[in-house]
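K.L.:
File name start_5.pdb; file contents PDB, C-alpha atoms; full text below.
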```pdb
MODEL        1
ATOM      1  CA  MET H  13     -26.898-100.478-139.112
ATOM      2  CA  MET H  14     -29.574 -99.998-141.780
ATOM      3  CA  ASN H  15     -29.033 -96.240-141.516
ATOM      4  CA  ARG H  16     -25.311 -96.696-142.125
ATOM      5  CA  LEU H  17     -25.954 -98.856-145.196
ATOM      6  CA  PHE H  18     -28.778 -96.948-146.846
ATOM      7  CA  GLY H  19     -28.650 -93.568-145.113
ATOM      8  CA  LYS H  20     -31.229 -91.979-142.857
ATOM      9  CA  PRO H  21     -34.920 -91.816-143.824
ATOM     10  CA  LYS H  22     -35.865 -88.809-145.936
ATOM     11  CA  HIS H  23     -38.153 -87.209-143.341
ATOM     12  CA  GLU H  24     -35.467 -87.599-140.644
ATOM     13  CA  GLY H  25     -32.853 -85.985-142.902
ATOM     14  CA  ASN H  26     -35.182 -83.062-143.624
ATOM     15  CA  ALA H  27     -35.859 -82.569-139.927
ATOM     16  CA  LEU H  28     -32.143 -82.508-139.105
ATOM     17  CA  GLN H  29     -31.461 -80.026-141.895
ATOM     18  CA  THR H  30     -34.265 -77.779-140.644
ATOM     19  CA  LEU H  31     -32.935 -77.928-137.067
ATOM     20  CA  ASP H  32     -29.465 -77.003-138.290
ATOM     21  CA  LYS H  33     -30.900 -74.052-140.221
ATOM     22  CA  LEU H  34     -32.845 -72.850-137.198
ATOM     23  CA  ASN H  35     -29.716 -73.091-135.030
ATOM     24  CA  GLU H  36     -27.740 -71.015-137.523
ATOM     25  CA  THR H  37     -30.467 -68.382-137.608
ATOM     26  CA  LEU H  38     -30.622 -68.320-133.826
ATOM     27  CA  GLU H  39     -26.873 -67.760-133.553
ATOM     28  CA  MET H  40     -27.078 -64.937-136.117
ATOM     29  CA  LEU H  41     -29.870 -63.198-134.179
ATOM     30  CA  GLU H  42     -27.926 -63.494-130.910
ATOM     31  CA  LYS H  43     -24.885 -61.849-132.545
ATOM     32  CA  LYS H  44     -27.023 -58.994-133.867
ATOM     33  CA  GLU H  45     -28.567 -58.558-130.440
ATOM     34  CA  LYS H  46     -25.120 -58.181-128.848
ATOM     35  CA  VAL H  47     -24.126 -55.593-131.458
ATOM     36  CA  LEU H  48     -27.303 -53.574-130.906
ATOM     37  CA  LEU H  49     -26.885 -53.681-127.127
ATOM     38  CA  LYS H  50     -23.332 -52.441-127.510
ATOM     39  CA  LYS H  51     -24.491 -49.574-129.744
ATOM     40  CA  ALA H  52     -27.248 -48.664-127.266
ATOM     41  CA  GLY H  53     -24.653 -48.516-124.505
ATOM     42  CA  GLN H  54     -22.444 -46.286-126.615
ATOM     43  CA  GLU H  55     -25.341 -43.881-127.227
ATOM     44  CA  VAL H  56     -25.878 -43.653-123.460
ATOM     45  CA  GLU H  57     -22.231 -42.726-122.961
ATOM     46  CA  LYS H  58     -22.457 -40.108-125.703
ATOM     47  CA  ALA H  59     -25.578 -38.638-124.131
ATOM     48  CA  LYS H  60     -23.695 -38.322-120.834
ATOM     49  CA  GLU H  61     -20.851 -36.461-122.552
ATOM     50  CA  TYR H  62     -23.242 -34.075-124.305
ATOM     51  CA  THR H  63     -25.039 -33.493-121.027
ATOM     52  CA  ARG H  64     -21.773 -32.553-119.326
ATOM     53  CA  SER H  65     -21.032 -30.157-122.202
ATOM     54  CA  LYS H  66     -24.526 -28.641-121.917
ATOM     55  CA  ASN H  67     -25.455 -29.854-125.418
ATOM     56  CA  LYS H  68     -28.976 -30.928-124.616
ATOM     57  CA  ARG H  69     -30.148 -31.342-128.210
ATOM     58  CA  ALA H  70     -27.322 -33.776-129.082
ATOM     59  CA  ALA H  71     -27.911 -35.736-125.842
ATOM     60  CA  ILE H  72     -31.608 -36.161-126.725
ATOM     61  CA  GLN H  73     -30.687 -37.450-130.186
ATOM     62  CA  CYS H  74     -28.410 -40.027-128.588
ATOM     63  CA  LEU H  75     -31.220 -41.208-126.329
ATOM     64  CA  LYS H  76     -33.572 -41.504-129.321
ATOM     65  CA  ARG H  77     -31.045 -43.714-131.152
ATOM     66  CA  LYS H  78     -30.649 -45.747-127.971
ATOM     67  CA  ARG H  79     -34.398 -46.387-127.877
ATOM     68  CA  LEU H  80     -34.394 -47.406-131.541
ATOM     69  CA  TYR H  81     -31.632 -49.924-130.787
ATOM     70  CA  GLU H  82     -33.582 -51.218-127.798
ATOM     71  CA  GLN H  83     -36.698 -51.682-129.959
ATOM     72  CA  GLN H  84     -34.649 -53.713-132.413
ATOM     73  CA  VAL H  85     -33.229 -55.764-129.535
ATOM     74  CA  GLU H  86     -36.767 -56.475-128.323
ATOM     75  CA  GLN H  87     -37.808 -57.474-131.826
ATOM     76  CA  LEU H  88     -34.819 -59.793-132.121
ATOM     77  CA  GLY H  89     -35.779 -61.325-128.776
ATOM     78  CA  ASN H  90     -39.246 -62.100-130.130
ATOM     79  CA  PHE H  91     -37.666 -63.697-133.210
ATOM     80  CA  GLN H  92     -35.442 -65.873-131.016
ATOM     81  CA  LEU H  93     -38.431 -66.937-128.939
ATOM     82  CA  ARG H  94     -40.312 -68.006-132.060
ATOM     83  CA  ILE H  95     -37.319 -69.961-133.312
ATOM     84  CA  HIS H  96     -36.953 -71.722-129.967
ATOM     85  CA  ASP H  97     -40.642 -72.604-130.084
ATOM     86  CA  GLN H  98     -40.290 -73.922-133.635
ATOM     87  CA  MET H  99     -37.261 -76.020-132.658
ATOM     88  CA  ILE H 100     -39.093 -77.578-129.716
ATOM     89  CA  MET H 101     -42.084 -78.444-131.893
ATOM     90  CA  LEU H 102     -39.849 -79.874-134.608
ATOM     91  CA  GLU H 103     -37.864 -82.004-132.140
ATOM     92  CA  GLY H 104     -41.136 -83.308-130.670
ATOM     93  CA  ALA H 105     -42.460 -84.153-134.130
ATOM     94  CA  LYS H 106     -39.161 -85.881-134.953
ATOM     95  CA  ALA H 107     -39.376 -87.996-131.780
ATOM     96  CA  THR H 108     -42.990 -88.882-132.583
ATOM     97  CA  THR H 109     -42.089 -89.919-136.123
ATOM     98  CA  GLU H 110     -39.195 -92.065-134.904
ATOM     99  CA  THR H 111     -41.458 -93.731-132.340
ATOM    100  CA  VAL H 112     -44.104 -94.497-134.966
ATOM    101  CA  ASP H 113     -41.448 -95.899-137.315
ATOM    102  CA  ALA H 114     -40.100 -98.131-134.534
ATOM    103  CA  LEU H 115     -43.594 -99.382-133.682
ATOM    104  CA  ARG H 116     -44.315-100.002-137.355
ATOM    105  CA  SER H 117     -41.096-102.001-137.709
ATOM    106  CA  GLY H 118     -41.953-104.034-134.630
ATOM    107  CA  ALA H 119     -45.442-104.755-135.952
ATOM    108  CA  SER H 120     -44.026-105.849-139.320
ATOM    109  CA  ALA H 121     -41.506-108.151-137.620
ATOM    110  CA  MET H 122     -44.237-109.674-135.442
ATOM    111  CA  LYS H 123     -46.448-110.192-138.479
ATOM    112  CA  ALA H 124     -43.629-111.921-140.350
ATOM    113  CA  MET H 125     -42.918-114.191-137.371
ATOM    114  CA  GLN H 126     -46.581-115.128-137.052
ATOM    115  CA  LYS H 127     -46.749-115.796-140.769
ATOM    116  CA  ALA H 128     -43.728-118.103-140.542
ATOM    117  CA  THR H 129     -45.310-119.970-137.610
ATOM    118  CA  ASN H 130     -48.526-121.568-138.827
ATOM    119  CA  ILE H 131     -51.016-122.595-136.139
ATOM    120  CA  ASP H 132     -51.644-125.868-137.985
ATOM    121  CA  ASP H 133     -47.932-126.675-137.833
ATOM    122  CA  VAL H 134     -47.942-125.981-134.096
ATOM    123  CA  ASP H 135     -50.895-128.320-133.550
ATOM    124  CA  LYS H 136     -49.240-130.996-135.650
ATOM    125  CA  THR H 137     -45.987-130.692-133.702
ATOM    126  CA  MET H 138     -47.807-130.947-130.364
ATOM    127  CA  ASP H 139     -49.683-134.050-131.566
ATOM    128  CA  GLU H 140     -46.388-135.659-132.571
ATOM    129  CA  ILE H 141     -44.859-134.885-129.183
ATOM    130  CA  ASN H 142     -47.857-136.352-127.352
ATOM    131  CA  GLU H 143     -47.751-139.466-129.529
ATOM    132  CA  GLN H 144     -44.024-139.961-128.923
ATOM    133  CA  THR H 145     -44.533-139.491-125.185
ATOM    134  CA  GLU H 146     -47.299-142.100-125.104
ATOM    135  CA  ASN H 147     -45.175-144.548-127.108
ATOM    136  CA  MET H 148     -42.258-144.110-124.731
ATOM    137  CA  LYS H 149     -44.555-144.683-121.748
ATOM    138  CA  GLN H 150     -45.807-147.944-123.269
ATOM    139  CA  ILE H 151     -42.244-149.082-123.971
ATOM    140  CA  GLN H 152     -41.213-148.408-120.381
ATOM    141  CA  GLU H 153     -44.227-150.302-119.037
ATOM    142  CA  ALA H 154     -43.435-153.254-121.313
ATOM    143  CA  LEU H 155     -39.809-153.315-120.131
ATOM    144  CA  SER H 156     -40.824-153.232-116.461
ATOM    145  CA  THR H 157     -43.284-156.152-116.792
ATOM    146  CA  PRO H 158     -41.737-159.430-115.396
ATOM    147  CA  ILE H 159     -41.270-162.240-117.876
ATOM    148  CA  GLY H 160     -40.406-165.947-117.651
ATOM    149  CA  ALA H 161     -40.358-167.605-114.211
ATOM    150  CA  ALA H 162     -40.579-164.241-112.442
ATOM    151  CA  ALA H 163     -43.954-163.606-114.046
ATOM    152  CA  ASP H 164     -45.431-166.650-112.207
ATOM    153  CA  PHE H 165     -44.559-165.402-108.712
ATOM    154  CA  ASP H 166     -47.514-164.436-106.543
ATOM    155  CA  GLU H 167     -46.967-160.950-105.162
ATOM    156  CA  ASP H 168     -49.238-161.620-102.149
ATOM    157  CA  GLU H 169     -47.250-164.716-101.171
ATOM    158  CA  LEU H 170     -43.973-162.824-101.466
ATOM    159  CA  GLU H 171     -45.264-160.032 -99.253
ATOM    160  CA  ALA H 172     -46.484-162.587 -96.628
ATOM    161  CA  GLU H 173     -43.049-164.266 -96.620
ATOM    162  CA  LEU H 174     -41.371-160.908 -96.216
ATOM    163  CA  GLU H 175     -43.583-160.136 -93.197
ATOM    164  CA  GLU H 176     -42.646-163.496 -91.602
ATOM    165  CA  LEU H 177     -38.949-162.720 -92.040
ATOM    166  CA  GLU H 178     -39.372-159.297 -90.489
ATOM    167  CA  GLY H 179     -41.303-160.798 -87.536
ATOM    168  CA  ALA H 180     -38.656-163.504 -86.939
ATOM    169  CA  GLU H 181     -35.863-160.921 -86.995
ATOM    170  CA  LEU H 182     -37.716-158.736 -84.496
ATOM    171  CA  GLU H 183     -38.286-161.711 -82.161
ATOM    172  CA  GLU H 184     -34.604-162.638 -82.321
ATOM    173  CA  GLN H 185     -33.625-159.099 -81.374
ATOM    174  CA  LEU H 186     -35.973-159.167 -78.377
ATOM    175  CA  LEU H 187     -34.520-162.480 -77.100
ATOM    176  CA  GLN H 188     -30.928-161.265 -77.149
ATOM    177  CA  PRO H 189     -29.642-160.106 -73.685
ATOM    178  CA  THR H 190     -29.304-156.404 -73.319
ATOM    179  CA  PRO H 191     -25.660-155.454 -72.563
ATOM    180  CA  MET H 192     -25.142-153.390 -69.410
ATOM    181  CA  PRO H 193     -24.028-149.879 -70.146
ATOM    182  CA  SER H 194     -20.444-149.167 -69.207
ATOM    183  CA  VAL H 195     -19.773-146.406 -66.699
ATOM    184  CA  PRO H 196     -16.997-144.024 -67.783
ATOM    185  CA  GLY H 197     -13.873-144.259 -65.597
ATOM    186  CA  ARG H 198     -14.853-147.575 -63.946
ATOM    187  CA  GLN H 199     -13.164-150.893 -64.690
ATOM    188  CA  PRO H 200     -15.373-153.802 -65.652
ATOM    189  CA  VAL H 201     -16.251-156.089 -62.732
ATOM    190  CA  ARG H 202     -14.450-159.424 -62.890
ATOM    191  CA  PRO H 203     -15.985-162.495 -61.325
ATOM    192  CA  VAL H 204     -14.446-163.234 -57.865
ATOM    193  CA  ALA H 205     -13.295-166.813 -57.366
ATOM    194  CA  PRO H 206     -14.729-168.418 -54.208
ATOM    195  CA  LYS H 207     -12.325-168.507 -51.288
ATOM    196  CA  ARG H 208     -10.783-171.981 -50.722
ATOM    197  CA  THR H 209     -10.585-173.689 -47.370
ATOM    198  CA  ALA H 210      -7.316-174.577 -45.631
ATOM    199  CA  GLU H 211      -7.689-178.204 -46.706
ATOM    200  CA  GLU H 212      -8.170-177.183 -50.299
ATOM    201  CA  GLU H 213      -5.106-174.942 -50.097
ATOM    202  CA  GLU H 214      -3.000-177.764 -48.665
ATOM    203  CA  LEU H 215      -4.219-180.199 -51.332
ATOM    204  CA  ALA H 216      -3.369-177.731 -54.073
ATOM    205  CA  ALA H 217       0.180-177.286 -52.680
ATOM    206  CA  LEU H 218       0.656-181.059 -52.527
ATOM    207  CA  GLN H 219      -0.453-181.455 -56.118
ATOM    208  CA  ALA H 220       2.036-178.798 -57.169
ATOM    209  CA  GLU H 221       4.916-180.556 -55.426
ATOM    210  CA  MET H 222       4.010-183.878 -57.015
ATOM    211  CA  ALA H 223       3.978-182.239 -60.397
ATOM    212  CA  LEU H 224       7.461-180.876 -59.861
ATOM    213  CA  ALA H 225       8.771-184.236 -58.634
ATOM    214  CA  GLY H 226       7.492-186.003 -61.688
ATOM    215  CA  TYR H 227       4.931-188.274 -60.028
TER     216      TYR H 227
ENDMDL
END
```
Now that the file is in, can you turn its structure into structure tokens?
P.N.:
Amino acid sequence: MMNRLFGKPKHEGNALQTLDKLNETLEMLEKKEKVLLKKAGQEVEKAKEYTRSKNKRAAIQCLKRKRLYEQQVEQLGNFQLRIHDQMIMLEGAKATTETVDALRSGASAMKAMQKATNIDDVDKTMDEINEQTENMKQIQEALSTPIGAAADFDEDELEAELEELEGAELEEQLLQPTPMPSVPGRQPVRPVAPKRTAEEEELAALQAEMALAGY
């Protein structure tokens, strides 16, 4: 964003301009190399024609020109190699410069942050937090302390009473009869009435008749 507002740094702009210039020069040398290779090929074809026509002198001249073109091609190749080497070095230097600038910016930002945060202010803030925490703890303890009639209760007596209640409840549970477990699929057993004698049966029938007759 800063680059868009104020433009790129001067050294970065110079590096980009130099890289562009080297690229243009490299393209120009490659074009010249293609032209020279084409001319060398044409001289070879001419030498073949002169050889077929038995013109040895003219064929040799063509081969000499071909070699001159090839020497120029080799020289252009060396130039291209040097330009490539220069471009690699320049790109490496550009990356190094950008890295150093980024590190310098980070260091400046860190320094500014540390300057804004004073160690004395941090200590003061921590002391205030500790003091507020201690005050809150004291307030909570004061609120949890029993007051009035509840403050006079003896904790030991209350615990002894609670133990007595627990013991009485346990004793009551032990005294209760244990119910028999029910067996699945079996009807509960009903008590069987004792079998009456013949006299008792006769007496019961007589009582029933008297009840019907209204006696």
K.L.:
What is the distance between atom CA of Lys78 of chain H and atom CA of Glu55 of chain H, in Å to one decimal?
P.N.:
5.7 Å
K.L.:
Give me the residues within 10 Å of segment 79-88 of chain H as number ranges by chain, counting only C-alpha atoms and dropping any in the same chain fewer than 6 places off.
P.N.:
H: 38, 41-42, 44-53, 55-56, 73, 94
K.L.:
Print the selection's residues with C-alpha atoms to a file, as an mmCIF file, keeping the file's coordinate frame.
P.N.:
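Saved to again34.cif:
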```cif
data_model
loop_
_atom_site.group_PDB
_atom_site.id
_atom_site.type_symbol
_atom_site.label_atom_id
_atom_site.label_comp_id
_atom_site.auth_asym_id
_atom_site.auth_seq_id
_atom_site.Cartn_x
_atom_site.Cartn_y
_atom_site.Cartn_z
ATOM 1 C CA LEU H 38 -30.622 -68.320 -133.826
ATOM 2 C CA LEU H 41 -29.870 -63.198 -134.179
ATOM 3 C CA GLU H 42 -27.926 -63.494 -130.910
ATOM 4 C CA LYS H 44 -27.023 -58.994 -133.867
ATOM 5 C CA GLU H 45 -28.567 -58.558 -130.440
ATOM 6 C CA LYS H 46 -25.120 -58.181 -128.848
ATOM 7 C CA VAL H 47 -24.126 -55.593 -131.458
ATOM 8 C CA LEU H 48 -27.303 -53.574 -130.906
ATOM 9 C CA LEU H 49 -26.885 -53.681 -127.127
ATOM 10 C CA LYS H 50 -23.332 -52.441 -127.510
ATOM 11 C CA LYS H 51 -24.491 -49.574 -129.744
ATOM 12 C CA ALA H 52 -27.248 -48.664 -127.266
ATOM 13 C CA GLY H 53 -24.653 -48.516 -124.505
ATOM 14 C CA GLU H 55 -25.341 -43.881 -127.227
ATOM 15 C CA VAL H 56 -25.878 -43.653 -123.460
ATOM 16 C CA GLN H 73 -30.687 -37.450 -130.186
ATOM 17 C CA ARG H 94 -40.312 -68.006 -132.060
#
```
K.L.:
Please define a box with edges along x, y and z of the file around all atoms of segment 83-99 of chain H given in the file, extend it by 6 Å on each side, and return its centre and edge lengths in Å to one decimal, as AutoDock Vina command-line options.
P.N.:
```
--center_x -36.9 --center_y -63.9 --center_z -131.0 --size_x 19.4 --size_y 36.3 --size_z 17.3
```
K.L.:
What does the structure give for the distance between atom CA of Glu39 of chain H and atom CA of Ala107 of chain H, in Å to one decimal?
P.N.:
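Straight-line distance from atom CA of Glu39 of chain H to atom CA of Ala107 of chain H works out to 23.9 Å.
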K.L.:
Rebuild N, CA, C and O atoms on segment 25-50 of chain H, as a short mmCIF file (atom, residue, chain, number, x, y, z; two decimals), in the coordinates of the input?
P.N.:
```cif
data_model
loop_
_atom_site.label_atom_id
_atom_site.label_comp_id
_atom_site.auth_asym_id
_atom_site.auth_seq_id
_atom_site.Cartn_x
_atom_site.Cartn_y
_atom_site.Cartn_z
N GLY H 25 -33.89 -86.87 -142.37
CA GLY H 25 -32.85 -85.98 -142.90
C GLY H 25 -33.36 -84.57 -143.04
O GLY H 25 -32.64 -83.60 -142.73
N ASN H 26 -34.61 -84.40 -143.50
CA ASN H 26 -35.18 -83.06 -143.62
C ASN H 26 -35.31 -82.38 -142.27
O ASN H 26 -35.06 -81.18 -142.13
N ALA H 27 -35.71 -83.14 -141.26
CA ALA H 27 -35.86 -82.57 -139.93
C ALA H 27 -34.51 -82.10 -139.38
O ALA H 27 -34.41 -81.03 -138.78
N LEU H 28 -33.48 -82.90 -139.58
CA LEU H 28 -32.14 -82.51 -139.10
C LEU H 28 -31.64 -81.27 -139.83
O LEU H 28 -31.04 -80.38 -139.22
N GLN H 29 -31.88 -81.22 -141.13
CA GLN H 29 -31.46 -80.03 -141.90
C GLN H 29 -32.20 -78.78 -141.41
O GLN H 29 -31.60 -77.70 -141.28
N THR H 30 -33.48 -78.92 -141.13
CA THR H 30 -34.26 -77.78 -140.64
C THR H 30 -33.77 -77.32 -139.28
O THR H 30 -33.65 -76.12 -139.01
N LEU H 31 -33.46 -78.28 -138.40
CA LEU H 31 -32.94 -77.93 -137.07
C LEU H 31 -31.59 -77.21 -137.18
O LEU H 31 -31.33 -76.24 -136.45
N ASP H 32 -30.75 -77.68 -138.08
CA ASP H 32 -29.46 -77.00 -138.29
C ASP H 32 -29.67 -75.57 -138.78
O ASP H 32 -28.98 -74.64 -138.34
N LYS H 33 -30.62 -75.39 -139.70
CA LYS H 33 -30.90 -74.05 -140.22
C LYS H 33 -31.44 -73.14 -139.12
O LYS H 33 -31.04 -71.96 -139.02
N LEU H 34 -32.30 -73.65 -138.29
CA LEU H 34 -32.84 -72.85 -137.20
C LEU H 34 -31.74 -72.48 -136.20
O LEU H 34 -31.73 -71.35 -135.67
N ASN H 35 -30.84 -73.40 -135.93
CA ASN H 35 -29.72 -73.09 -135.03
C ASN H 35 -28.82 -71.99 -135.59
O ASN H 35 -28.38 -71.10 -134.86
N GLU H 36 -28.56 -72.06 -136.89
CA GLU H 36 -27.74 -71.02 -137.52
C GLU H 36 -28.43 -69.66 -137.43
O GLU H 36 -27.78 -68.63 -137.13
N THR H 37 -29.72 -69.64 -137.69
CA THR H 37 -30.47 -68.38 -137.61
C THR H 37 -30.47 -67.84 -136.18
O THR H 37 -30.33 -66.63 -135.96
N LEU H 38 -30.61 -68.74 -135.22
CA LEU H 38 -30.62 -68.32 -133.83
C LEU H 38 -29.28 -67.70 -133.43
O LEU H 38 -29.23 -66.67 -132.75
N GLU H 39 -28.20 -68.31 -133.85
CA GLU H 39 -26.87 -67.76 -133.55
C GLU H 39 -26.69 -66.39 -134.21
O GLU H 39 -26.10 -65.47 -133.61
N MET H 40 -27.19 -66.23 -135.43
CA MET H 40 -27.08 -64.94 -136.12
C MET H 40 -27.86 -63.85 -135.37
O MET H 40 -27.37 -62.72 -135.19
N LEU H 41 -29.07 -64.18 -134.91
CA LEU H 41 -29.87 -63.20 -134.18
C LEU H 41 -29.21 -62.83 -132.85
O LEU H 41 -29.26 -61.66 -132.43
N GLU H 42 -28.60 -63.78 -132.18
CA GLU H 42 -27.93 -63.49 -130.91
C GLU H 42 -26.74 -62.55 -131.13
O GLU H 42 -26.48 -61.64 -130.32
N LYS H 43 -26.00 -62.75 -132.24
CA LYS H 43 -24.88 -61.85 -132.54
C LYS H 43 -25.38 -60.43 -132.82
O LYS H 43 -24.80 -59.44 -132.35
N LYS H 44 -26.46 -60.32 -133.59
CA LYS H 44 -27.02 -58.99 -133.87
C LYS H 44 -27.50 -58.32 -132.59
O LYS H 44 -27.34 -57.10 -132.41
N GLU H 45 -28.09 -59.12 -131.71
CA GLU H 45 -28.57 -58.56 -130.44
C GLU H 45 -27.40 -57.99 -129.63
O GLU H 45 -27.52 -56.90 -129.05
N LYS H 46 -26.28 -58.68 -129.58
CA LYS H 46 -25.12 -58.18 -128.85
C LYS H 46 -24.60 -56.88 -129.46
O LYS H 46 -24.22 -55.94 -128.74
N VAL H 47 -24.61 -56.82 -130.80
CA VAL H 47 -24.13 -55.59 -131.46
C VAL H 47 -25.04 -54.41 -131.13
O VAL H 47 -24.58 -53.30 -130.81
N LEU H 48 -26.36 -54.66 -131.18
CA LEU H 48 -27.30 -53.57 -130.91
C LEU H 48 -27.22 -53.13 -129.44
O LEU H 48 -27.31 -51.92 -129.15
N LEU H 49 -27.03 -54.05 -128.53
CA LEU H 49 -26.88 -53.68 -127.13
C LEU H 49 -25.62 -52.85 -126.91
O LEU H 49 -25.62 -51.90 -126.11
N LYS H 50 -24.58 -53.21 -127.63
CA LYS H 50 -23.33 -52.44 -127.51
C LYS H 50 -23.52 -51.02 -128.04
O LYS H 50 -23.07 -50.03 -127.42
#
```
